[in-house]
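Colleague: Attaching a single structure in structure tokens format; questions to follow.
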Amino acid sequence: MAIFAGRYRWEGTKTGERDPIAWSSGAYDVKIFKCVASSDKVQQLKPYVCIYAATGEGQSISANPEKFAKQICNDFSLDIERVLWVEDLLTMEDRYEVILFSRSTKIGTTVLYKTTKRRPLESELQVIERE
């Protein structure tokens with residue numbers, strides 16, 4: 001079930017207490033969907049998938065996707081740790097990259113994450129390609 005499918009834009013200016021995703025405007029193509037469980041008794045660890053791809057508009061967030069992911073979570077009421085984050089590199093080989101966010105520390109109410117990237121597992125690749 002798709003929650004959002006379209007071009008996600010940001011202005012590059014600070015709004016309220018939140019810093020922008022990047023200090024210049026930009027846009028990514030984003031698709032967010034909820035995975036359908038095969039059983040009502042099974043609770044998935046990552047029930048949501050977010051696939052995003054650069055559009056060439058503005059700064060790339062590929063090197064530091066944490067602010068992007070936090071903003072997506074804020075806008076769509078998601079938990080960053082319960083989303084399968086996938087960057088579509090738009091290449092023929094090794095097209096998808098899974099981004100993992102692991103809690104590294106907490107300063108006040110702000111949680112900071114360590115970001116690691118890897119190729120998708122076969123089961124993840126099937127879900128990605130199905131969508």
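Convention: chains lettered A, B, ... in structure tokens order; per-chain residue numbering from 1; ligands numbered from 1 as shown.
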Would you mind listing what lies within 12 Å of Arg95 of chain A as JSON, numbers by chain, with only C-alpha atoms counted and same-chain residues fewer than 2 positions away left out?
Modeller: {"A": [51, 52, 53, 86, 87, 88, 89, 90, 91, 92, 93, 97, 98, 118, 119, 120, 125, 128, 129]}
Colleague: For the residues selected in the previous step, produce a file with N, CA and C atoms as a CSV table (one decimal), in the first residue's frame.
Modeller:
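Saved to part.csv:
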```
chain,number,residue,atom,x,y,z
A,51,ILE,N,11.9,4.1,-0.9
A,51,ILE,CA,12.9,4.1,-2.0
A,51,ILE,C,13.0,5.5,-2.5
A,52,TYR,N,14.2,5.9,-2.6
A,52,TYR,CA,14.4,7.3,-3.1
A,52,TYR,C,15.6,7.4,-4.1
A,53,ALA,N,15.4,8.3,-5.0
A,53,ALA,CA,16.4,8.4,-6.1
A,53,ALA,C,16.7,9.9,-6.4
A,86,VAL,N,16.0,2.6,1.1
A,86,VAL,CA,16.7,2.1,-0.1
A,86,VAL,C,17.0,3.3,-1.0
A,87,GLU,N,18.2,3.4,-1.4
A,87,GLU,CA,18.6,4.4,-2.4
A,87,GLU,C,18.6,3.7,-3.8
A,88,ASP,N,17.9,4.2,-4.7
A,88,ASP,CA,17.9,3.7,-6.1
A,88,ASP,C,19.0,4.6,-6.8
A,89,LEU,N,20.1,3.9,-7.1
A,89,LEU,CA,21.2,4.6,-7.8
A,89,LEU,C,21.0,4.8,-9.3
A,90,LEU,N,19.9,4.2,-9.8
A,90,LEU,CA,19.6,4.4,-11.2
A,90,LEU,C,20.7,3.8,-12.1
A,91,THR,N,21.3,2.7,-11.8
A,91,THR,CA,22.3,2.1,-12.6
A,91,THR,C,21.8,0.7,-12.9
A,92,MET,N,22.5,0.1,-13.9
A,92,MET,CA,22.1,-1.2,-14.3
A,92,MET,C,22.6,-2.3,-13.3
A,93,GLU,N,23.9,-2.2,-12.9
A,93,GLU,CA,24.5,-3.1,-11.9
A,93,GLU,C,24.4,-2.5,-10.5
A,97,GLU,N,20.8,0.3,-2.9
A,97,GLU,CA,21.7,0.3,-1.8
A,97,GLU,C,20.8,0.5,-0.5
A,98,VAL,N,20.9,-0.4,0.4
A,98,VAL,CA,20.1,-0.3,1.7
A,98,VAL,C,20.9,0.5,2.7
A,118,ARG,N,24.7,-1.1,2.5
A,118,ARG,CA,25.0,-2.4,2.0
A,118,ARG,C,24.1,-2.7,0.8
A,119,ARG,N,24.4,-3.8,0.2
A,119,ARG,CA,23.5,-4.3,-0.9
A,119,ARG,C,22.3,-5.0,-0.3
A,120,PRO,N,21.2,-4.9,-1.0
A,120,PRO,CA,20.0,-5.6,-0.4
A,120,PRO,C,20.1,-7.1,-0.3
A,125,LEU,N,15.4,-7.4,-2.0
A,125,LEU,CA,15.4,-7.1,-3.4
A,125,LEU,C,14.0,-7.5,-4.0
A,128,ILE,N,11.6,-4.8,-3.1
A,128,ILE,CA,11.9,-3.5,-3.8
A,128,ILE,C,11.4,-3.6,-5.3
A,129,GLU,N,11.8,-4.7,-5.9
A,129,GLU,CA,11.4,-4.9,-7.3
A,129,GLU,C,9.9,-5.0,-7.6
```
Colleague: Give the helix (DSSP H, G or I) residues of segment 5-92 of chain A, as assigned by DSSP on the backbone, as a list in words.
Modeller: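 In segment 5-92 of chain A, DSSP puts these residues in helix (DSSP H, G or I): Glu66, Lys67, Phe68, Ala69, Lys70, Gln71, Ile72, Cys73, Asn74, Asp75, Phe76, Ile80, Glu81 and Arg82 of chain A.
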Colleague: Include C-alpha atoms and write out the residues we just selected as a JSON list (two decimals), in the first residue's frame.
Modeller:
```
[["chain", "number", "residue", "atom", "x", "y", "z"],
["A", 66, "GLU", "CA", 20.16, 11.10, 8.11],
["A", 67, "LYS", "CA", 18.51, 14.55, 7.89],
["A", 68, "PHE", "CA", 16.56, 13.42, 4.82],
["A", 69, "ALA", "CA", 15.31, 10.28, 6.60],
["A", 70, "LYS", "CA", 14.38, 12.22, 9.75],
["A", 71, "GLN", "CA", 12.42, 14.75, 7.69],
["A", 72, "ILE", "CA", 10.58, 11.99, 5.82],
["A", 73, "CYS", "CA", 9.75, 10.33, 9.15],
["A", 74, "ASN", "CA", 8.48, 13.61, 10.58],
["A", 75, "ASP", "CA", 6.32, 14.38, 7.53],
["A", 76, "PHE", "CA", 4.81, 10.88, 7.27],
["A", 80, "ILE", "CA", 13.34, 5.83, 11.29],
["A", 81, "GLU", "CA", 14.34, 2.45, 12.73],
["A", 82, "ARG", "CA", 11.23, 0.68, 11.38]]
```
Colleague: For the strand (DSSP E or B) assignment from backbone DSSP, which residues of chain A qualify? Please present them as a PyMOL selection string.
Modeller: chain A and resi 2-10+15+18+26-34+48-58+83-88+96-107+110-118
Colleague: Taking only C-alpha atoms into account, name the residue in A:Ile99, A:Val30, A:Lys41, A:Gln59 that is nearest to Gly12 of chain A.
Modeller: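 With only C-alpha atoms as the atom set, the closest residue is A:Gln59.
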Colleague: Using only C-alpha atoms, which protein or nucleic acid residues come within 7 Å of Arg7 of chain A? Drop anything in the same chain fewer than 4 positions from it, and give the result as a PyMOL selection string.
Modeller: chain A and resi 27-30
Colleague: Pick out the residues sitting within 9 Å of Glu131 of chain A, and hand them over as a tab-separated table (two decimals) with N, CA and C atoms, in the first residue's frame; count only C-alpha atoms, and ignore anything fewer than 5 positions along from it in its own chain.
Modeller:
```tsv
chain	number	residue	atom	x	y	z
A	31	LYS	N	9.26	6.97	-3.02
A	31	LYS	CA	8.10	6.10	-2.92
A	31	LYS	C	8.16	5.46	-1.54
A	33	PHE	N	5.96	2.93	1.00
A	33	PHE	CA	4.83	2.02	1.05
A	33	PHE	C	4.92	1.13	2.27
A	126	GLN	N	13.47	-8.60	-3.63
A	126	GLN	CA	12.18	-9.01	-4.15
A	126	GLN	C	11.08	-8.00	-3.80
```
Colleague: Name the residues in contact with Ile32 of chain A at a cut-off of 10 Å, using only C-alpha atoms, excluding same-chain residues fewer than 4 positions from it; report them as a PDB file with N, CA and C atoms, in the first residue's frame.
Modeller:
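The result, written out as selection.pdb:
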```pdb
ATOM      1  N   MET A   1       0.841  -1.172   0.000  1.00  0.00           N
ATOM      2  CA  MET A   1       0.000   0.000   0.000  1.00  0.00           C
ATOM      3  C   MET A   1       0.889   1.240   0.000  1.00  0.00           C
ATOM      4  N   ALA A   2       0.755   2.078  -1.024  1.00  0.00           N
ATOM      5  CA  ALA A   2       1.581   3.278  -1.157  1.00  0.00           C
ATOM      6  C   ALA A   2       1.104   4.367  -0.204  1.00  0.00           C
ATOM      7  N   ILE A   3       2.043   4.968   0.504  1.00  0.00           N
ATOM      8  CA  ILE A   3       1.765   6.105   1.373  1.00  0.00           C
ATOM      9  C   ILE A   3       2.077   7.391   0.630  1.00  0.00           C
ATOM     10  N   PHE A   4       3.140   7.350  -0.172  1.00  0.00           N
ATOM     11  CA  PHE A   4       3.539   8.513  -0.970  1.00  0.00           C
ATOM     12  C   PHE A   4       4.315   8.005  -2.171  1.00  0.00           C
ATOM     13  N   ALA A   5       4.065   8.598  -3.312  1.00  0.00           N
ATOM     14  CA  ALA A   5       4.830   8.310  -4.525  1.00  0.00           C
ATOM     15  C   ALA A   5       4.872   9.597  -5.324  1.00  0.00           C
ATOM     16  N   GLY A   6       6.049  10.199  -5.399  1.00  0.00           N
ATOM     17  CA  GLY A   6       6.171  11.446  -6.128  1.00  0.00           C
ATOM     18  C   GLY A   6       7.496  12.128  -5.864  1.00  0.00           C
ATOM     19  N   TYR A  48       7.668  -0.656   6.792  1.00  0.00           N
ATOM     20  CA  TYR A  48       7.621   0.367   5.747  1.00  0.00           C
ATOM     21  C   TYR A  48       8.894   0.324   4.912  1.00  0.00           C
ATOM     22  N   VAL A  49       8.757   0.688   3.652  1.00  0.00           N
ATOM     23  CA  VAL A  49       9.900   0.774   2.742  1.00  0.00           C
ATOM     24  C   VAL A  49       9.878   2.161   2.124  1.00  0.00           C
ATOM     25  N   CYS A  50      11.035   2.801   2.099  1.00  0.00           N
ATOM     26  CA  CYS A  50      11.189   4.097   1.443  1.00  0.00           C
ATOM     27  C   CYS A  50      12.288   3.966   0.399  1.00  0.00           C
ATOM     28  N   ILE A  51      11.912   4.102  -0.856  1.00  0.00           N
ATOM     29  CA  ILE A  51      12.868   4.051  -1.966  1.00  0.00           C
ATOM     30  C   ILE A  51      13.002   5.470  -2.500  1.00  0.00           C
ATOM     31  N   TYR A  52      14.233   5.947  -2.583  1.00  0.00           N
ATOM     32  CA  TYR A  52      14.442   7.317  -3.055  1.00  0.00           C
ATOM     33  C   TYR A  52      15.559   7.354  -4.092  1.00  0.00           C
ATOM     34  N   ILE A  72      11.604  12.882   6.366  1.00  0.00           N
ATOM     35  CA  ILE A  72      10.579  11.986   5.818  1.00  0.00           C
ATOM     36  C   ILE A  72       9.758  11.392   6.966  1.00  0.00           C
ATOM     37  N   PHE A  76       5.712  12.005   7.496  1.00  0.00           N
ATOM     38  CA  PHE A  76       4.805  10.883   7.266  1.00  0.00           C
ATOM     39  C   PHE A  76       4.566  10.027   8.516  1.00  0.00           C
ATOM     40  N   VAL A  83      11.840   1.502   9.193  1.00  0.00           N
ATOM     41  CA  VAL A  83      11.708   1.697   7.747  1.00  0.00           C
ATOM     42  C   VAL A  83      12.910   1.057   7.065  1.00  0.00           C
ATOM     43  N   LEU A  84      12.658   0.347   5.982  1.00  0.00           N
ATOM     44  CA  LEU A  84      13.738  -0.151   5.137  1.00  0.00           C
ATOM     45  C   LEU A  84      14.063   0.976   4.166  1.00  0.00           C
ATOM     46  N   TRP A  85      15.210   1.599   4.336  1.00  0.00           N
ATOM     47  CA  TRP A  85      15.626   2.738   3.516  1.00  0.00           C
ATOM     48  C   TRP A  85      16.439   2.224   2.337  1.00  0.00           C
ATOM     49  N   GLU A 131       7.624  -3.525  -5.949  1.00  0.00           N
ATOM     50  CA  GLU A 131       7.026  -2.196  -5.870  1.00  0.00           C
ATOM     51  C   GLU A 131       7.499  -1.304  -7.003  1.00  0.00           C
TER      52      GLU A 131
END
```
Colleague: Separation of atom CA of Thr115 of chain A and atom CA of Phe101 of chain A, in Å?
Modeller: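 Distance between the two atoms: 4.9 Å.
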Colleague: What is the atom CA of Trp23 of chain A-atom CA of Ser62 of chain A distance in Å, reported with one decimal?
Modeller: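 Atom-to-atom, atom CA of Trp23 of chain A and atom CA of Ser62 of chain A are spaced 14.6 Å apart.
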Colleague: Work out how far apart atom CA of Val111 of chain A and atom CA of Gly16 of chain A are and give it in Å to one decimal.
Modeller: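 Separating atom CA of Val111 of chain A from atom CA of Gly16 of chain A is a distance of 18.1 Å.
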